[in-house]
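Containing PDB, C-alpha atoms: input28.pdb.
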```pdb
ATOM      1  CA  MET A   1     -74.601 102.840 180.238  1.00  0.00           C
ATOM      2  CA  PHE A   2     -77.952 103.633 181.876  1.00  0.00           C
ATOM      3  CA  GLU A   3     -78.741 105.966 179.003  1.00  0.00           C
ATOM      4  CA  LEU A   4     -78.081 103.177 176.524  1.00  0.00           C
ATOM      5  CA  ASN A   5     -80.188 100.758 178.569  1.00  0.00           C
ATOM      6  CA  GLY A   6     -83.054 103.239 178.592  1.00  0.00           C
ATOM      7  CA  PHE A   7     -82.840 103.660 174.827  1.00  0.00           C
ATOM      8  CA  ARG A   8     -82.822  99.901 174.311  1.00  0.00           C
ATOM      9  CA  ALA A   9     -85.796  99.398 176.608  1.00  0.00           C
ATOM     10  CA  LEU A  10     -87.839 102.096 174.887  1.00  0.00           C
ATOM     11  CA  LEU A  11     -86.930 100.800 171.429  1.00  0.00           C
ATOM     12  CA  TYR A  12     -87.864  97.263 172.464  1.00  0.00           C
ATOM     13  CA  LYS A  13     -91.196  98.499 173.841  1.00  0.00           C
ATOM     14  CA  GLU A  14     -92.015 100.277 170.578  1.00  0.00           C
ATOM     15  CA  LEU A  15     -91.051  97.288 168.457  1.00  0.00           C
ATOM     16  CA  LEU A  16     -93.032  94.897 170.620  1.00  0.00           C
ATOM     17  CA  ARG A  17     -96.038  97.210 170.549  1.00  0.00           C
ATOM     18  CA  PHE A  18     -96.573  96.857 166.797  1.00  0.00           C
ATOM     19  CA  TRP A  19     -95.320  93.275 166.478  1.00  0.00           C
ATOM     20  CA  ARG A  20     -97.839  91.925 168.980  1.00  0.00           C
ATOM     21  CA  VAL A  21    -100.625  93.041 166.651  1.00  0.00           C
ATOM     22  CA  ALA A  22     -98.773  92.265 163.403  1.00  0.00           C
ATOM     23  CA  PHE A  23    -101.980  91.056 161.765  1.00  0.00           C
ATOM     24  CA  GLN A  24    -103.252  94.626 161.971  1.00  0.00           C
ATOM     25  CA  THR A  25    -100.003  96.617 161.699  1.00  0.00           C
ATOM     26  CA  VAL A  26     -98.206  94.531 159.045  1.00  0.00           C
ATOM     27  CA  ALA A  27    -100.533  92.104 157.277  1.00  0.00           C
ATOM     28  CA  ALA A  28    -103.377  94.598 156.713  1.00  0.00           C
ATOM     29  CA  PRO A  29    -101.222  97.268 154.973  1.00  0.00           C
ATOM     30  CA  VAL A  30     -99.596  94.574 152.831  1.00  0.00           C
ATOM     31  CA  LEU A  31    -103.021  93.385 151.684  1.00  0.00           C
ATOM     32  CA  THR A  32    -104.121  96.962 150.940  1.00  0.00           C
ATOM     33  CA  ALA A  33    -101.051  97.582 148.769  1.00  0.00           C
ATOM     34  CA  LEU A  34    -101.588  94.308 146.912  1.00  0.00           C
ATOM     35  CA  LEU A  35    -105.185  95.320 146.156  1.00  0.00           C
ATOM     36  CA  TYR A  36    -103.931  98.655 144.795  1.00  0.00           C
ATOM     37  CA  LEU A  37    -101.545  96.778 142.507  1.00  0.00           C
ATOM     38  CA  LEU A  38    -104.154  94.341 141.227  1.00  0.00           C
ATOM     39  CA  ILE A  39    -106.812  96.995 140.622  1.00  0.00           C
ATOM     40  CA  PHE A  40    -104.641  99.701 139.067  1.00  0.00           C
ATOM     41  CA  SER A  41    -102.552  97.359 136.939  1.00  0.00           C
ATOM     42  CA  HIS A  42    -105.682  95.630 135.607  1.00  0.00           C
ATOM     43  CA  VAL A  43    -107.604  98.838 134.898  1.00  0.00           C
ATOM     44  CA  LEU A  44    -104.789 101.036 133.593  1.00  0.00           C
ATOM     45  CA  GLU A  45    -102.078  98.803 132.214  1.00  0.00           C
ATOM     46  CA  ALA A  46    -103.238  97.826 128.729  1.00  0.00           C
ATOM     47  CA  ASP A  47     -99.610  97.303 127.576  1.00  0.00           C
ATOM     48  CA  ARG A  48     -98.782 100.792 128.862  1.00  0.00           C
ATOM     49  CA  GLN A  49     -95.190 101.589 129.779  1.00  0.00           C
ATOM     50  CA  VAL A  50     -93.636 104.354 131.880  1.00  0.00           C
ATOM     51  CA  HIS A  51     -89.951 105.134 131.347  1.00  0.00           C
ATOM     52  CA  GLY A  52     -89.791 101.922 129.315  1.00  0.00           C
ATOM     53  CA  VAL A  53     -91.074  99.900 132.281  1.00  0.00           C
ATOM     54  CA  PRO A  54     -94.398  97.995 132.220  1.00  0.00           C
ATOM     55  CA  TYR A  55     -96.970  99.909 134.219  1.00  0.00           C
ATOM     56  CA  ALA A  56     -97.557  97.109 136.739  1.00  0.00           C
ATOM     57  CA  ALA A  57     -93.829  96.954 137.485  1.00  0.00           C
ATOM     58  CA  PHE A  58     -93.688 100.756 137.678  1.00  0.00           C
ATOM     59  CA  LEU A  59     -96.358 100.674 140.394  1.00  0.00           C
ATOM     60  CA  VAL A  60     -94.477  98.329 142.711  1.00  0.00           C
ATOM     61  CA  PRO A  61     -91.766 100.688 144.066  1.00  0.00           C
ATOM     62  CA  GLY A  62     -94.327 103.436 144.616  1.00  0.00           C
ATOM     63  CA  LEU A  63     -96.624 101.110 146.552  1.00  0.00           C
ATOM     64  CA  VAL A  64     -93.726  99.744 148.597  1.00  0.00           C
ATOM     65  CA  MET A  65     -92.467 103.218 149.515  1.00  0.00           C
ATOM     66  CA  MET A  66     -95.967 104.524 150.208  1.00  0.00           C
ATOM     67  CA  SER A  67     -96.450 101.639 152.637  1.00  0.00           C
ATOM     68  CA  VAL A  68     -93.104 102.387 154.311  1.00  0.00           C
ATOM     69  CA  LEU A  69     -93.981 106.057 154.779  1.00  0.00           C
ATOM     70  CA  GLN A  70     -97.565 105.668 155.962  1.00  0.00           C
ATOM     71  CA  ASN A  71     -96.741 102.916 158.435  1.00  0.00           C
ATOM     72  CA  ALA A  72     -93.698 104.713 159.832  1.00  0.00           C
ATOM     73  CA  PHE A  73     -95.887 107.739 160.513  1.00  0.00           C
ATOM     74  CA  ALA A  74     -98.647 105.593 162.004  1.00  0.00           C
ATOM     75  CA  ASN A  75     -96.284 103.801 164.371  1.00  0.00           C
ATOM     76  CA  SER A  76     -94.786 106.799 166.175  1.00  0.00           C
ATOM     77  CA  SER A  77     -97.899 108.978 166.089  1.00  0.00           C
ATOM     78  CA  SER A  78    -100.289 106.291 167.364  1.00  0.00           C
ATOM     79  CA  SER A  79     -97.896 105.252 170.123  1.00  0.00           C
ATOM     80  CA  LEU A  80     -97.621 108.793 171.483  1.00  0.00           C
ATOM     81  CA  ILE A  81    -101.295 109.681 171.249  1.00  0.00           C
ATOM     82  CA  GLN A  82    -102.314 106.414 172.926  1.00  0.00           C
ATOM     83  CA  SER A  83     -99.828 107.048 175.730  1.00  0.00           C
ATOM     84  CA  LYS A  84    -101.114 110.599 176.194  1.00  0.00           C
ATOM     85  CA  VAL A  85    -104.800 109.659 176.150  1.00  0.00           C
ATOM     86  CA  THR A  86    -104.376 106.741 178.566  1.00  0.00           C
ATOM     87  CA  GLY A  87    -101.933 108.612 180.789  1.00  0.00           C
ATOM     88  CA  SER A  88     -99.217 105.977 180.433  1.00  0.00           C
ATOM     89  CA  ILE A  89     -96.859 108.568 178.915  1.00  0.00           C
ATOM     90  CA  VAL A  90     -95.767 109.324 182.479  1.00  0.00           C
ATOM     91  CA  PHE A  91     -93.986 105.959 182.652  1.00  0.00           C
ATOM     92  CA  VAL A  92     -91.882 106.961 179.655  1.00  0.00           C
ATOM     93  CA  LEU A  93     -91.150 110.479 180.902  1.00  0.00           C
ATOM     94  CA  LEU A  94     -90.269 109.646 184.517  1.00  0.00           C
ATOM     95  CA  PRO A  95     -87.131 107.536 183.857  1.00  0.00           C
ATOM     96  CA  PRO A  96     -83.967 109.572 183.161  1.00  0.00           C
ATOM     97  CA  ILE A  97     -84.041 109.012 179.396  1.00  0.00           C
ATOM     98  CA  SER A  98     -82.730 111.952 177.382  1.00  0.00           C
ATOM     99  CA  HIS A  99     -84.776 113.598 174.661  1.00  0.00           C
ATOM    100  CA  GLY A 100     -82.242 112.270 172.127  1.00  0.00           C
ATOM    101  CA  ALA A 101     -82.713 108.667 173.231  1.00  0.00           C
ATOM    102  CA  PHE A 102     -86.495 109.201 173.232  1.00  0.00           C
ATOM    103  CA  PHE A 103     -86.362 110.550 169.687  1.00  0.00           C
ATOM    104  CA  TRP A 104     -84.156 107.820 168.239  1.00  0.00           C
ATOM    105  CA  ALA A 105     -86.088 104.999 169.916  1.00  0.00           C
ATOM    106  CA  PHE A 106     -89.402 106.184 168.475  1.00  0.00           C
ATOM    107  CA  VAL A 107     -88.024 107.025 165.038  1.00  0.00           C
ATOM    108  CA  MET A 108     -86.031 103.806 164.685  1.00  0.00           C
ATOM    109  CA  ALA A 109     -89.042 101.715 165.711  1.00  0.00           C
ATOM    110  CA  ALA A 110     -91.198 103.608 163.198  1.00  0.00           C
ATOM    111  CA  ALA A 111     -88.649 103.101 160.414  1.00  0.00           C
ATOM    112  CA  ILE A 112     -88.345  99.385 161.225  1.00  0.00           C
ATOM    113  CA  ARG A 113     -92.115  98.919 161.049  1.00  0.00           C
ATOM    114  CA  GLY A 114     -92.139 100.766 157.733  1.00  0.00           C
ATOM    115  CA  LEU A 115     -89.352  98.552 156.379  1.00  0.00           C
ATOM    116  CA  VAL A 116     -91.089  95.365 157.546  1.00  0.00           C
ATOM    117  CA  VAL A 117     -94.329  96.377 155.843  1.00  0.00           C
ATOM    118  CA  GLY A 118     -92.478  97.545 152.709  1.00  0.00           C
ATOM    119  CA  LEU A 119     -90.601  94.255 152.481  1.00  0.00           C
ATOM    120  CA  GLY A 120     -93.868  92.392 152.876  1.00  0.00           C
ATOM    121  CA  VAL A 121     -95.476  94.417 150.081  1.00  0.00           C
ATOM    122  CA  TRP A 122     -92.536  93.774 147.755  1.00  0.00           C
ATOM    123  CA  LEU A 123     -92.557  90.027 148.471  1.00  0.00           C
ATOM    124  CA  VAL A 124     -96.285  89.573 147.821  1.00  0.00           C
ATOM    125  CA  THR A 125     -95.997  91.431 144.495  1.00  0.00           C
ATOM    126  CA  LEU A 126     -93.261  89.134 143.163  1.00  0.00           C
ATOM    127  CA  PRO A 127     -95.680  86.414 141.929  1.00  0.00           C
ATOM    128  CA  PHE A 128     -97.536  89.058 139.916  1.00  0.00           C
ATOM    129  CA  VAL A 129     -94.775  91.377 138.726  1.00  0.00           C
ATOM    130  CA  SER A 130     -91.122  90.759 137.987  1.00  0.00           C
ATOM    131  CA  SER A 131     -89.162  93.650 139.502  1.00  0.00           C
ATOM    132  CA  GLY A 132     -85.414  93.517 139.912  1.00  0.00           C
ATOM    133  CA  LEU A 133     -83.168  95.884 141.835  1.00  0.00           C
ATOM    134  CA  ALA A 134     -80.886  98.047 139.716  1.00  0.00           C
ATOM    135  CA  ALA A 135     -79.318  99.778 142.733  1.00  0.00           C
ATOM    136  CA  PRO A 136     -80.158  98.043 146.048  1.00  0.00           C
ATOM    137  CA  GLY A 137     -78.137 100.565 148.052  1.00  0.00           C
ATOM    138  CA  TRP A 138     -80.337 103.416 146.847  1.00  0.00           C
ATOM    139  CA  VAL A 139     -83.444 101.400 147.698  1.00  0.00           C
ATOM    140  CA  LEU A 140     -82.320 100.837 151.288  1.00  0.00           C
ATOM    141  CA  LEU A 141     -81.051 104.397 151.728  1.00  0.00           C
ATOM    142  CA  PHE A 142     -84.265 106.043 150.555  1.00  0.00           C
ATOM    143  CA  ALA A 143     -86.394 103.594 152.558  1.00  0.00           C
ATOM    144  CA  LEU A 144     -84.465 104.331 155.761  1.00  0.00           C
ATOM    145  CA  LEU A 145     -84.509 108.093 155.280  1.00  0.00           C
ATOM    146  CA  GLY A 146     -88.171 108.075 154.249  1.00  0.00           C
ATOM    147  CA  GLY A 147     -89.084 106.015 157.306  1.00  0.00           C
ATOM    148  CA  GLY A 148     -87.044 108.362 159.481  1.00  0.00           C
ATOM    149  CA  ILE A 149     -88.766 111.433 158.065  1.00  0.00           C
ATOM    150  CA  MET A 150     -92.238 110.043 158.581  1.00  0.00           C
ATOM    151  CA  GLY A 151     -91.307 108.639 161.970  1.00  0.00           C
ATOM    152  CA  SER A 152     -90.177 112.128 163.011  1.00  0.00           C
ATOM    153  CA  LEU A 153     -93.338 113.670 161.595  1.00  0.00           C
ATOM    154  CA  GLY A 154     -95.340 111.079 163.531  1.00  0.00           C
ATOM    155  CA  VAL A 155     -93.634 112.097 166.773  1.00  0.00           C
ATOM    156  CA  ILE A 156     -94.475 115.756 166.056  1.00  0.00           C
ATOM    157  CA  ALA A 157     -98.097 114.852 165.295  1.00  0.00           C
ATOM    158  CA  GLY A 158     -98.345 112.714 168.421  1.00  0.00           C
ATOM    159  CA  ILE A 159     -96.949 115.515 170.571  1.00  0.00           C
ATOM    160  CA  TRP A 160     -99.251 118.130 169.014  1.00  0.00           C
ATOM    161  CA  ALA A 161    -102.488 116.126 169.068  1.00  0.00           C
ATOM    162  CA  ASP A 162    -104.518 115.925 172.270  1.00  0.00           C
ATOM    163  CA  LYS A 163    -107.052 113.416 170.949  1.00  0.00           C
ATOM    164  CA  PHE A 164    -107.440 110.889 168.179  1.00  0.00           C
ATOM    165  CA  ASP A 165    -109.593 113.234 166.071  1.00  0.00           C
ATOM    166  CA  GLN A 166    -106.744 115.732 165.799  1.00  0.00           C
ATOM    167  CA  LEU A 167    -104.280 113.008 164.832  1.00  0.00           C
ATOM    168  CA  ALA A 168    -106.717 111.694 162.196  1.00  0.00           C
ATOM    169  CA  ALA A 169    -107.017 115.196 160.758  1.00  0.00           C
ATOM    170  CA  PHE A 170    -103.214 115.510 160.608  1.00  0.00           C
ATOM    171  CA  GLN A 171    -102.996 112.221 158.729  1.00  0.00           C
ATOM    172  CA  ASN A 172    -105.969 112.765 156.413  1.00  0.00           C
ATOM    173  CA  PHE A 173    -105.202 116.360 155.443  1.00  0.00           C
ATOM    174  CA  LEU A 174    -101.404 116.283 155.345  1.00  0.00           C
ATOM    175  CA  VAL A 175     -99.828 112.830 155.220  1.00  0.00           C
ATOM    176  CA  MET A 176    -102.359 111.180 152.919  1.00  0.00           C
ATOM    177  CA  PRO A 177    -102.403 113.917 150.233  1.00  0.00           C
ATOM    178  CA  LEU A 178     -98.604 114.177 150.256  1.00  0.00           C
ATOM    179  CA  THR A 179     -98.184 110.430 149.706  1.00  0.00           C
ATOM    180  CA  MET A 180    -101.019 109.917 147.230  1.00  0.00           C
ATOM    181  CA  LEU A 181     -99.958 112.919 145.089  1.00  0.00           C
ATOM    182  CA  SER A 182     -96.272 112.045 144.995  1.00  0.00           C
ATOM    183  CA  GLY A 183     -96.016 109.946 141.837  1.00  0.00           C
ATOM    184  CA  VAL A 184     -96.932 106.586 143.341  1.00  0.00           C
ATOM    185  CA  PHE A 185     -99.326 105.817 140.493  1.00  0.00           C
ATOM    186  CA  TYR A 186     -97.872 107.968 137.710  1.00  0.00           C
ATOM    187  CA  SER A 187     -94.830 109.771 136.349  1.00  0.00           C
ATOM    188  CA  ILE A 188     -95.062 113.526 136.878  1.00  0.00           C
ATOM    189  CA  HIS A 189     -94.165 113.983 133.206  1.00  0.00           C
ATOM    190  CA  THR A 190     -97.702 112.852 132.367  1.00  0.00           C
ATOM    191  CA  LEU A 191     -99.156 115.779 134.336  1.00  0.00           C
ATOM    192  CA  PRO A 192    -100.009 119.270 133.053  1.00  0.00           C
ATOM    193  CA  ARG A 193     -97.213 121.777 133.452  1.00  0.00           C
ATOM    194  CA  PHE A 194     -98.683 123.406 136.566  1.00  0.00           C
ATOM    195  CA  TRP A 195     -98.935 120.113 138.459  1.00  0.00           C
ATOM    196  CA  GLN A 196     -95.443 119.089 137.383  1.00  0.00           C
ATOM    197  CA  VAL A 197     -94.085 122.226 139.003  1.00  0.00           C
ATOM    198  CA  ALA A 198     -96.286 121.742 142.090  1.00  0.00           C
ATOM    199  CA  SER A 199     -95.015 118.170 142.504  1.00  0.00           C
ATOM    200  CA  HIS A 200     -91.467 119.468 142.964  1.00  0.00           C
ATOM    201  CA  TYR A 201     -92.613 121.185 146.170  1.00  0.00           C
ATOM    202  CA  ASN A 202     -93.797 117.876 147.613  1.00  0.00           C
ATOM    203  CA  PRO A 203     -90.913 116.248 149.542  1.00  0.00           C
ATOM    204  CA  VAL A 204     -92.584 112.837 149.336  1.00  0.00           C
ATOM    205  CA  PHE A 205     -92.215 112.978 145.552  1.00  0.00           C
ATOM    206  CA  TYR A 206     -88.429 112.906 145.969  1.00  0.00           C
ATOM    207  CA  MET A 207     -88.669 109.918 148.326  1.00  0.00           C
ATOM    208  CA  ILE A 208     -90.788 107.958 145.851  1.00  0.00           C
ATOM    209  CA  ASP A 209     -88.741 108.962 142.810  1.00  0.00           C
ATOM    210  CA  GLY A 210     -85.379 108.193 144.404  1.00  0.00           C
ATOM    211  CA  PHE A 211     -86.670 104.878 145.712  1.00  0.00           C
ATOM    212  CA  ARG A 212     -87.981 103.941 142.249  1.00  0.00           C
ATOM    213  CA  TYR A 213     -84.572 104.774 140.774  1.00  0.00           C
ATOM    214  CA  GLY A 214     -83.129 101.988 142.909  1.00  0.00           C
ATOM    215  CA  PHE A 215     -85.425  99.503 141.151  1.00  0.00           C
ATOM    216  CA  PHE A 216     -85.125 100.527 137.511  1.00  0.00           C
ATOM    217  CA  GLY A 217     -82.256 102.998 137.248  1.00  0.00           C
ATOM    218  CA  VAL A 218     -84.622 105.641 135.834  1.00  0.00           C
ATOM    219  CA  SER A 219     -86.326 108.548 137.572  1.00  0.00           C
ATOM    220  CA  ASP A 220     -88.139 111.820 136.939  1.00  0.00           C
ATOM    221  CA  VAL A 221     -85.383 113.866 138.604  1.00  0.00           C
ATOM    222  CA  ASP A 222     -81.736 113.211 139.370  1.00  0.00           C
ATOM    223  CA  PRO A 223     -81.523 110.826 142.365  1.00  0.00           C
ATOM    224  CA  GLY A 224     -78.710 112.903 143.836  1.00  0.00           C
ATOM    225  CA  GLN A 225     -81.076 115.876 143.963  1.00  0.00           C
ATOM    226  CA  SER A 226     -83.732 113.706 145.592  1.00  0.00           C
ATOM    227  CA  LEU A 227     -81.231 112.546 148.197  1.00  0.00           C
ATOM    228  CA  ILE A 228     -80.241 116.109 149.077  1.00  0.00           C
ATOM    229  CA  VAL A 229     -83.899 117.136 149.460  1.00  0.00           C
ATOM    230  CA  ILE A 230     -84.791 114.303 151.806  1.00  0.00           C
ATOM    231  CA  LEU A 231     -81.583 114.716 153.824  1.00  0.00           C
ATOM    232  CA  VAL A 232     -82.496 118.360 154.373  1.00  0.00           C
ATOM    233  CA  CYS A 233     -86.068 117.362 155.290  1.00  0.00           C
ATOM    234  CA  PHE A 234     -84.896 114.719 157.744  1.00  0.00           C
ATOM    235  CA  THR A 235     -82.401 117.076 159.371  1.00  0.00           C
ATOM    236  CA  GLY A 236     -84.985 119.838 159.730  1.00  0.00           C
ATOM    237  CA  LEU A 237     -87.671 117.545 161.153  1.00  0.00           C
ATOM    238  CA  ALA A 238     -85.188 115.852 163.497  1.00  0.00           C
ATOM    239  CA  LEU A 239     -84.028 119.193 164.899  1.00  0.00           C
ATOM    240  CA  LEU A 240     -87.609 120.389 165.341  1.00  0.00           C
ATOM    241  CA  THR A 241     -88.642 117.144 167.049  1.00  0.00           C
ATOM    242  CA  LEU A 242     -85.625 117.181 169.354  1.00  0.00           C
ATOM    243  CA  SER A 243     -86.414 120.778 170.285  1.00  0.00           C
ATOM    244  CA  LEU A 244     -90.022 119.901 171.168  1.00  0.00           C
ATOM    245  CA  LEU A 245     -88.938 116.897 173.213  1.00  0.00           C
ATOM    246  CA  LYS A 246     -86.288 118.876 175.045  1.00  0.00           C
ATOM    247  CA  ARG A 247     -88.838 121.520 176.013  1.00  0.00           C
ATOM    248  CA  GLY A 248     -91.393 118.863 176.937  1.00  0.00           C
ATOM    249  CA  TRP A 249     -94.022 120.784 174.963  1.00  0.00           C
ATOM    250  CA  LYS A 250     -97.481 119.253 175.566  1.00  0.00           C
ATOM    251  CA  LEU A 251     -95.814 116.289 177.253  1.00  0.00           C
ATOM    252  CA  ARG A 252     -94.621 117.609 180.620  1.00  0.00           C
ATOM    253  CA  THR A 253     -97.058 120.504 180.865  1.00  0.00           C
TER     254      THR A 253
END
```

Would you mind writing the structure in this file as structure tokens?
Amino acid sequence: MFELNGFRALLYKELLRFWRVAFQTVAAPVLTALLYLLIFSHVLEADRQVHGVPYAAFLVPGLVMMSVLQNAFANSSSSLIQSKVTGSIVFVLLPPISHGAFFWAFVMAAAIRGLVVGLGVWLVTLPFVSSGLAAPGWVLLFALLGGGIMGSLGVIAGIWADKFDQLAAFQNFLVMPLTMLSGVFYSIHTLPRFWQVASHYNPVFYMIDGFRYGFFGVSDVDPGQSLIVILVCFTGLALLTLSLLKRGWKLRT
């Protein structure tokens, strides 16, 4: 019972942390995604279609999922690095909360922030682009798993980084390239052969492609394959994160 209470308290703290500054953590990313849509659809559309879908509509799922992923990562990573820099991490580590409860509280909070931002992005695009949902279950599944993956990666980054500069480097040189070069703004079939092959080594590509399948029922690769890839990624990252938390690496030492 105490374990469950500790998990609930930590989850509530993480949710409250981003919701209290929702103008910055939710509204700002929604506005950024809307600007991407307006600029790219105006400059590149010109009656262009991708997989039989108008380009502006094609952009929407990619922008929604990109927002989910980036904000899930930002939530867990920023929370940990702030706690470490200010020294308040001790108040999280002192209570008898297991590493499993710690992990799930941070990852669930990160995924929820990602989903809130993603939902906001989708809603603000509706007046501009008509985008239905061909398979809502796939949309929710890929959004949850994508948020979980990036939430886990954010925990790893927050544990590893000792200062904000290191966390910024992790985000700018790993997370940002992976998300921007994952098919958010294009189908990989429009790329040269080399970059098509390279895209298949980017796990974020499978998150974006599977998520887009839920909107239109079309994708660059089989959605079942995408699901397997991201399940493997989530499992691997979860096990690694749990191992680091159990050891207390760079947290208790």

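Closest approach to Ala168 of chain A among A:Ile81, A:Gly146, A:Val116, A:Leu133: A:Ile81, based on all atoms listed in the file.
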
Shell around Arg252 of chain A at 12 Å using all atoms listed in the file, local window under 2 positions removed, as a compact mmCIF listing (two decimals) with C-alpha atoms, keeping the file's coordinate frame:
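The result, stored in part-v8.txt:
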```
# COMPACT_ATOMS: atom_id res chain seq x y z
CA LYS A 84 -101.11 110.60 176.19
CA GLY A 87 -101.93 108.61 180.79
CA ILE A 89 -96.86 108.57 178.92
CA VAL A 90 -95.77 109.32 182.48
CA PHE A 91 -93.99 105.96 182.65
CA VAL A 92 -91.88 106.96 179.66
CA LEU A 93 -91.15 110.48 180.90
CA LEU A 94 -90.27 109.65 184.52
CA ILE A 159 -96.95 115.52 170.57
CA LEU A 244 -90.02 119.90 171.17
CA LEU A 245 -88.94 116.90 173.21
CA LYS A 246 -86.29 118.88 175.04
CA ARG A 247 -88.84 121.52 176.01
CA GLY A 248 -91.39 118.86 176.94
CA TRP A 249 -94.02 120.78 174.96
CA LYS A 250 -97.48 119.25 175.57
```

**Message:** Which residues, named as in the file, does the PyMOL selection byres ((chain A and resi 154) around 12) pick out? Answer as a PyMOL selection string.
**Reply:** chain A and resi 69-81+103+106-111+147-153+155-161+167-168+170-171+174-175+237-238+241

**Message:** What does the structure give for the distance between atom CA of Val197 of chain A and atom CA of Pro61 of chain A, in Å to one decimal?
**Reply:**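 Distance between the two atoms: 22.2 Å.
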
**Message:** Restricting the calculation to all atoms listed in the file: of A:Phe185, A:Tyr36, A:Phe58, A:Phe102, which residue gets closest to Arg212 of chain A?
**Reply:**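 Of A:Phe185, A:Tyr36, A:Phe58, A:Phe102, the one nearest Arg212 of chain A is A:Phe58, counting all atoms listed in the file.
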
**Message:** To test your reading of the syntax: which residues would the PyMOL selection byres ((chain A and resi 202) around 10) return for the file shown? Reply as an MDAnalysis selection string.
**Reply:** chainID A and resid 177:179 181:182 197:201 203:207

**Message:** Calculated over all atoms listed in the file, which of the candidates A:His51, A:Asp209, A:Lys163, A:Leu242 has the smallest distance to Ser226 of chain A?
**Reply:**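 Looking at the shortest contact to Ser226 of chain A, the residue is A:Asp209.
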
Can you report as AutoDock Vina command-line options the centre and edge lengths in Å, to one decimal, of an axis-aligned box around the listed atoms of segment 118-131 of chain A padded with 5 Å on each side?
```
--center_x -93.3 --center_y 92.0 --center_z 145.4 --size_x 18.4 --size_y 21.1 --size_z 24.9
```

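Interatomic distance, atom CA of Ile112 of chain A to atom CA of Ile97 of chain A: 21.0 Å.
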
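Proximity of A:Thr32, A:Leu15, A:Leu145, A:Leu10 to Val232 of chain A, computed with all atoms listed in the file, is greatest for A:Leu145.
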
**Best match for closeness to Val117 of chain A among A:Gln24, A:Leu191, A:Lys13, A:Ser219, counting all atoms listed in the file** =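 The closest residue to Val117 of chain A is A:Gln24.
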
**Prompt:** When the PyMOL selection byres ((chain A and resi 118) around 10) is applied to the file above, which residues end up in the set, as a PyMOL selection string?
**Reply:** chain A and resi 26+29-30+33+61+63-69+71+112-117+119-123+143

**Request:** Calculate how many Å separate atom CA of Gly236 of chain A from atom CA of Ala9 of chain A, rounding to one decimal.
**Result:**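 Distance reported for this atom pair: 26.5 Å.
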
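Of the listed residues (A:Val50, A:Met176, A:Leu126, A:Val229), A:Val50 comes nearest to His189 of chain A; the distances count all atoms listed in the file.
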
Final N, CA and C atoms of segment 101-113 of chain A as a short mmCIF file (atom, residue, chain, number, x, y, z; two decimals), keeping the file's coordinate frame:
```
data_model
loop_
_atom_site.label_atom_id
_atom_site.label_comp_id
_atom_site.auth_asym_id
_atom_site.auth_seq_id
_atom_site.Cartn_x
_atom_site.Cartn_y
_atom_site.Cartn_z
N ALA A 101 -82.41 110.10 173.19
CA ALA A 101 -82.71 108.67 173.23
C ALA A 101 -84.19 108.42 172.94
N PHE A 102 -85.06 109.29 173.49
CA PHE A 102 -86.50 109.20 173.23
C PHE A 102 -86.76 109.31 171.73
N PHE A 103 -86.16 110.31 171.12
CA PHE A 103 -86.36 110.55 169.69
C PHE A 103 -85.91 109.36 168.86
N TRP A 104 -84.69 108.89 169.07
CA TRP A 104 -84.16 107.82 168.24
C TRP A 104 -84.89 106.50 168.46
N ALA A 105 -85.34 106.23 169.67
CA ALA A 105 -86.09 105.00 169.92
C ALA A 105 -87.39 104.99 169.13
N PHE A 106 -88.12 106.11 169.18
CA PHE A 106 -89.40 106.18 168.48
C PHE A 106 -89.20 106.18 166.97
N VAL A 107 -88.23 106.93 166.49
CA VAL A 107 -88.02 107.02 165.04
C VAL A 107 -87.48 105.71 164.47
N MET A 108 -86.56 105.08 165.17
CA MET A 108 -86.03 103.81 164.68
C MET A 108 -87.11 102.73 164.66
N ALA A 109 -87.95 102.68 165.69
CA ALA A 109 -89.04 101.72 165.71
C ALA A 109 -90.01 101.97 164.56
N ALA A 110 -90.30 103.26 164.30
CA ALA A 110 -91.20 103.61 163.20
C ALA A 110 -90.60 103.20 161.86
N ALA A 111 -89.31 103.46 161.66
CA ALA A 111 -88.65 103.10 160.41
C ALA A 111 -88.61 101.59 160.24
N ILE A 112 -88.38 100.85 161.31
CA ILE A 112 -88.34 99.38 161.22
C ILE A 112 -89.72 98.84 160.84
N ARG A 113 -90.78 99.37 161.46
CA ARG A 113 -92.12 98.92 161.05
C ARG A 113 -92.35 99.22 159.58
#
```
